[in-house]
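Q: One structure coming up, written as structure tokens, with questions to follow.
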Amino acid sequence: MSDPETPPVSDLPDPSVPADPSGPSSPDAAPAQPEIIILTGMSGAGRSTVANVLEDLGWFVVDNLPPQLLRQLAELAGSSGRDLTQMRVVAVVDVRTRGFFDHLAGATRALEEEGWHPTVVFLDATDEALVRRFESVRRPHPLQGDGRLLDGITAERARLADLRAEADILIDTSGLNVHQLGRKVGPLFAGAAGPSMRLAVMSFGFKYGVPLDADFVFDMRFLPNPFWIPELRSQTGLDADVAEFVMAQPGAEEFIDRVADLMEPVTVGYRREGRRYVTLAVGCTGGKHRSVAICEALVRRLANESVETFAVHRDLGRE
């Protein structure tokens with residue numbers, strides 16, 4: 001948006017007259033507010049990793065916060081005296097707060113009614129991935145009690161079902177190690193300045209499961225598989241030979257064109273509705289050749305001034 005024209009000198013305020021702190025302001029001008037993220041989700045899904053990444057990016061992170069204190073945290077951030085457009089706060093809320101957790105939905109609605117706009121980020125993973133992680137660290141699940149580990153996971157999943165359904169952002173961490181999760185989260189929350197939307201284009205392998213957090217899923221298995229070409233088998237879609245082979249196949253360029261046409265009205269609508277984070281997933285058999293090459297091509301094609309587009313290769317290197 002271009003700056004408004006500078007008013008004539010005769011219309012400028014007299015610098016010798018003190019400004020009225022309660023003077024007129026535009027009735028449509030919304031007060032600046034800090035950006036607030038409520039980080040929650042399944043135990044073992046990576047909350048600590050995501051919180052650390054956000055802290056490294058300059059966010060102020062409060063861990064294990066009772067939901068009843070969300071309003072006080074927002075007010076404290078708003079009265080900090082810092083530039084509120086640069087103030088970014090993360091409240092980590094989970095089942096460790098026990099009874100407090102049941103108040104999260106009400107606390108979030110109360111914030112919204114007072115004009116705050118928190119973003120709820122929900123981290124999830126498959127039961128198999130969660131069991132594997134808890135067993136690797138040899139710690140019980142917070143809701144396990146005297147039952148099995150899977151009993152605790154099942155109880156937590158049922159308890160969080162409504163919150164998961166209403167979350168602004170869902171991130172599936174099933175196939176990601178801590179480094180891959182950090183690389184995925186970093187671009188999403190690097191800062192509020194710049195493009196109004198961040199679009200993650202994710203490659204994946206169907207044999208490892210469809211990403212739970214994908215808003216759009218496309219199947220690249222209609223293209224010939226470079227795996228069956230001996231000189232391309234050991235390479236990936238990041239290598240020029242594989243990328244050129246994939247893009248030379250009938251339907252590849254047309255697919256890129258059609259997806260670009262599809263996403264244009266979708267991203268416009270998302271921005272209009274205030275949605276800032278979108279995940280588009282493209283899959284092939286193993287997530288190594290076709291999906292990776294198409295993913296990179298889509299990133300180049302979909303990037304523009306209002307949409308920051310970046311690639312996430314979920315399963316690359318897993319074979």
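Letters A, B, ... go to the chains of the structure tokens in the order shown; residues in each chain start at 1; ligands are counted from 1 in the same order.
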Stretch 85-202 of chain A near stretch 259-281 of chain A within 9 Å: what's each residue's closest atom pair and its distance in Å to one decimal, counting only C-alpha atoms, ordered by chain then ascending residue number, as a tab-separated table?
A:
```
residue	atom	partner	partner_atom	distance
A:Asp168	CA	A:Arg275	CA	7.9
A:Ile169	CA	A:Tyr277	CA	7.0
A:Leu188	CA	A:Tyr277	CA	7.0
A:Ser196	CA	A:Arg276	CA	6.3
A:Met197	CA	A:Arg276	CA	4.3
A:Arg198	CA	A:Tyr277	CA	5.0
A:Leu199	CA	A:Val278	CA	4.9
A:Ala200	CA	A:Thr279	CA	4.7
A:Val201	CA	A:Leu280	CA	4.8
A:Met202	CA	A:Ala281	CA	4.5
```
Q: Selected residues, N, CA and C atoms, written as a PDB file, in the first residue's frame, please.
A:
```
ATOM      1  N   ASP A 168      -5.511 -23.276  14.581  1.00  0.00           N
ATOM      2  CA  ASP A 168      -5.200 -22.489  13.390  1.00  0.00           C
ATOM      3  C   ASP A 168      -4.151 -23.174  12.529  1.00  0.00           C
ATOM      4  N   ILE A 169      -3.188 -23.823  13.174  1.00  0.00           N
ATOM      5  CA  ILE A 169      -2.095 -24.489  12.463  1.00  0.00           C
ATOM      6  C   ILE A 169      -1.909 -25.876  13.052  1.00  0.00           C
ATOM      7  N   LEU A 188       8.162 -20.811   9.061  1.00  0.00           N
ATOM      8  CA  LEU A 188       6.767 -20.474   9.348  1.00  0.00           C
ATOM      9  C   LEU A 188       6.642 -19.289  10.285  1.00  0.00           C
ATOM     10  N   SER A 196       2.394 -11.701   3.637  1.00  0.00           N
ATOM     11  CA  SER A 196       1.293 -11.916   4.565  1.00  0.00           C
ATOM     12  C   SER A 196       0.950 -13.386   4.721  1.00  0.00           C
ATOM     13  N   MET A 197       1.535 -14.260   3.898  1.00  0.00           N
ATOM     14  CA  MET A 197       1.249 -15.687   4.000  1.00  0.00           C
ATOM     15  C   MET A 197       2.519 -16.490   3.768  1.00  0.00           C
ATOM     16  N   ARG A 198       2.626 -17.616   4.492  1.00  0.00           N
ATOM     17  CA  ARG A 198       3.744 -18.529   4.293  1.00  0.00           C
ATOM     18  C   ARG A 198       3.188 -19.864   3.822  1.00  0.00           C
ATOM     19  N   LEU A 199       3.658 -20.291   2.668  1.00  0.00           N
ATOM     20  CA  LEU A 199       3.191 -21.525   2.039  1.00  0.00           C
ATOM     21  C   LEU A 199       4.314 -22.553   2.049  1.00  0.00           C
ATOM     22  N   ALA A 200       4.108 -23.637   2.783  1.00  0.00           N
ATOM     23  CA  ALA A 200       5.073 -24.733   2.806  1.00  0.00           C
ATOM     24  C   ALA A 200       4.683 -25.752   1.741  1.00  0.00           C
ATOM     25  N   VAL A 201       5.601 -26.047   0.833  1.00  0.00           N
ATOM     26  CA  VAL A 201       5.392 -27.093  -0.161  1.00  0.00           C
ATOM     27  C   VAL A 201       6.214 -28.295   0.296  1.00  0.00           C
ATOM     28  N   MET A 202       5.542 -29.379   0.642  1.00  0.00           N
ATOM     29  CA  MET A 202       6.191 -30.531   1.267  1.00  0.00           C
ATOM     30  C   MET A 202       6.211 -31.734   0.326  1.00  0.00           C
TER      31      MET A 202
END
```
Q: How many Å separate atom CA of A:Ala214 from atom CA of A:Pro142?
A: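 Atom-to-atom, atom CA of A:Ala214 to atom CA of A:Pro142, that is 27.9 Å.
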Q: A:Ser48: which residues within 10 Å, counting only C-alpha atoms, same-chain residues fewer than 6 positions away excluded, as a PyMOL selection string?
A: chain A and resi 39+54+63+92+178
Q: Figure out the distance between atom CA of A:Phe204 and atom CA of A:Asp151, please, to one decimal in Å.
A: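 Spanning atom CA of A:Asp151 to atom CA of A:Phe204 is a straight-line distance of 29.4 Å.
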Q: With distances taken over only C-alpha atoms, which of A:Val90, A:Val210, A:Ala45, A:Leu298 is nearest to A:Thr173?
A: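 Once distances to A:Thr173 are computed over only C-alpha atoms, the minimum belongs to A:Ala45.
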Q: Set the distance at 7 Å and use only C-alpha atoms: which residues neighbour stretch 223-238 of chain A once local chain neighbours fewer than 2 positions away are removed? I'd like the list as a compact mmCIF listing (two decimals) with C-alpha atoms, in the first residue's frame.
A:
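Written out: result.txt:
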```
# COMPACT_ATOMS: atom_id res chain seq x y z
CA MET A 220 2.99 -37.65 -8.29
CA ARG A 221 2.86 -41.36 -9.00
CA ALA A 240 19.64 -31.69 -11.97
CA VAL A 242 16.52 -36.23 -11.92
CA ALA A 243 14.73 -32.87 -12.00
CA GLN A 249 7.61 -36.22 -18.66
CA LYS A 288 13.01 -39.16 -3.02
CA HIS A 289 12.66 -38.42 -6.75
CA ARG A 290 9.38 -37.24 -8.30
CA VAL A 292 11.10 -33.67 -4.51
CA ALA A 293 11.58 -32.40 -8.07
```
Q: Identify which of the residues A:Ala77, A:Met42, A:Val131, A:Leu176 lies closest to A:Trp59, counting only C-alpha atoms when measuring atom-to-atom distances.
A: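 Checking each of A:Ala77, A:Met42, A:Val131, A:Leu176 against A:Trp59, counting only C-alpha atoms, the winner is A:Ala77.
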Q: Could you write out, as a list in words, all the residues of stretch 71-175 of chain A that DSSP marks as strand (DSSP E or B)?
A: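 Of stretch 71-175 of chain A, only Arg88, Val89, Val90, Ala91, Val92, Thr119, Val120, Val121, Phe122, Leu123, Asp124, Ile169, Leu170, Ile171 and Asp172 of chain A fall in strand (DSSP E or B).
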Q: Put those residues in a file: C-alpha atoms, as a compact mmCIF listing (two decimals), in the first residue's frame.
A:
```txt
# COMPACT_ATOMS: atom_id res chain seq x y z
CA ARG A 88 6.05 -11.88 19.88
CA VAL A 89 4.93 -14.18 22.67
CA VAL A 90 4.55 -17.97 22.86
CA ALA A 91 2.54 -19.67 25.61
CA VAL A 92 3.19 -23.43 25.82
CA THR A 119 -2.77 -18.28 16.91
CA VAL A 120 -3.27 -21.83 18.20
CA VAL A 121 -0.54 -24.18 16.94
CA PHE A 122 -1.22 -27.89 17.50
CA LEU A 123 1.57 -30.48 17.20
CA ASP A 124 0.51 -34.02 16.42
CA ILE A 169 -2.10 -24.49 12.46
CA LEU A 170 -1.63 -28.26 12.61
CA ILE A 171 1.91 -29.62 12.33
CA ASP A 172 2.49 -33.34 11.87
```
Q: Quote the spacing between atom CA of A:Ile294 and atom CA of A:Asp239 in Å to one decimal place.
A: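 That distance, rounded to one decimal, is 12.1 Å.
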Q: I need the alpha helix (DSSP H) residues of stretch 136-249 of chain A per DSSP on the backbone, written as a count of residues only.
A: 42
Q: Please identify all polymer residues within 8 Å of A:Arg183, counting only C-alpha atoms, omitting same-chain residues fewer than 4 positions from it, and present them as a tab-separated table (two decimals) with N, CA and C atoms, in the first residue's frame.
A:
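So part05.tsv came out as:
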```tsv
chain	number	residue	atom	x	y	z
A	179	HIS	N	15.95	-31.99	14.07
A	179	HIS	CA	16.56	-31.05	13.12
A	179	HIS	C	15.60	-30.75	11.97
A	187	PRO	N	10.92	-21.30	9.08
A	187	PRO	CA	10.36	-20.38	8.09
A	187	PRO	C	8.93	-19.96	8.37
A	312	VAL	N	9.84	-28.19	2.02
A	312	VAL	CA	10.12	-29.10	3.15
A	312	VAL	C	10.13	-30.51	2.56
```
Q: Taking into account only C-alpha atoms, which residue in the set A:Gly145, A:Gly287, A:Leu302, A:Leu150 is nearest to A:Glu319?
A: A:Gly287
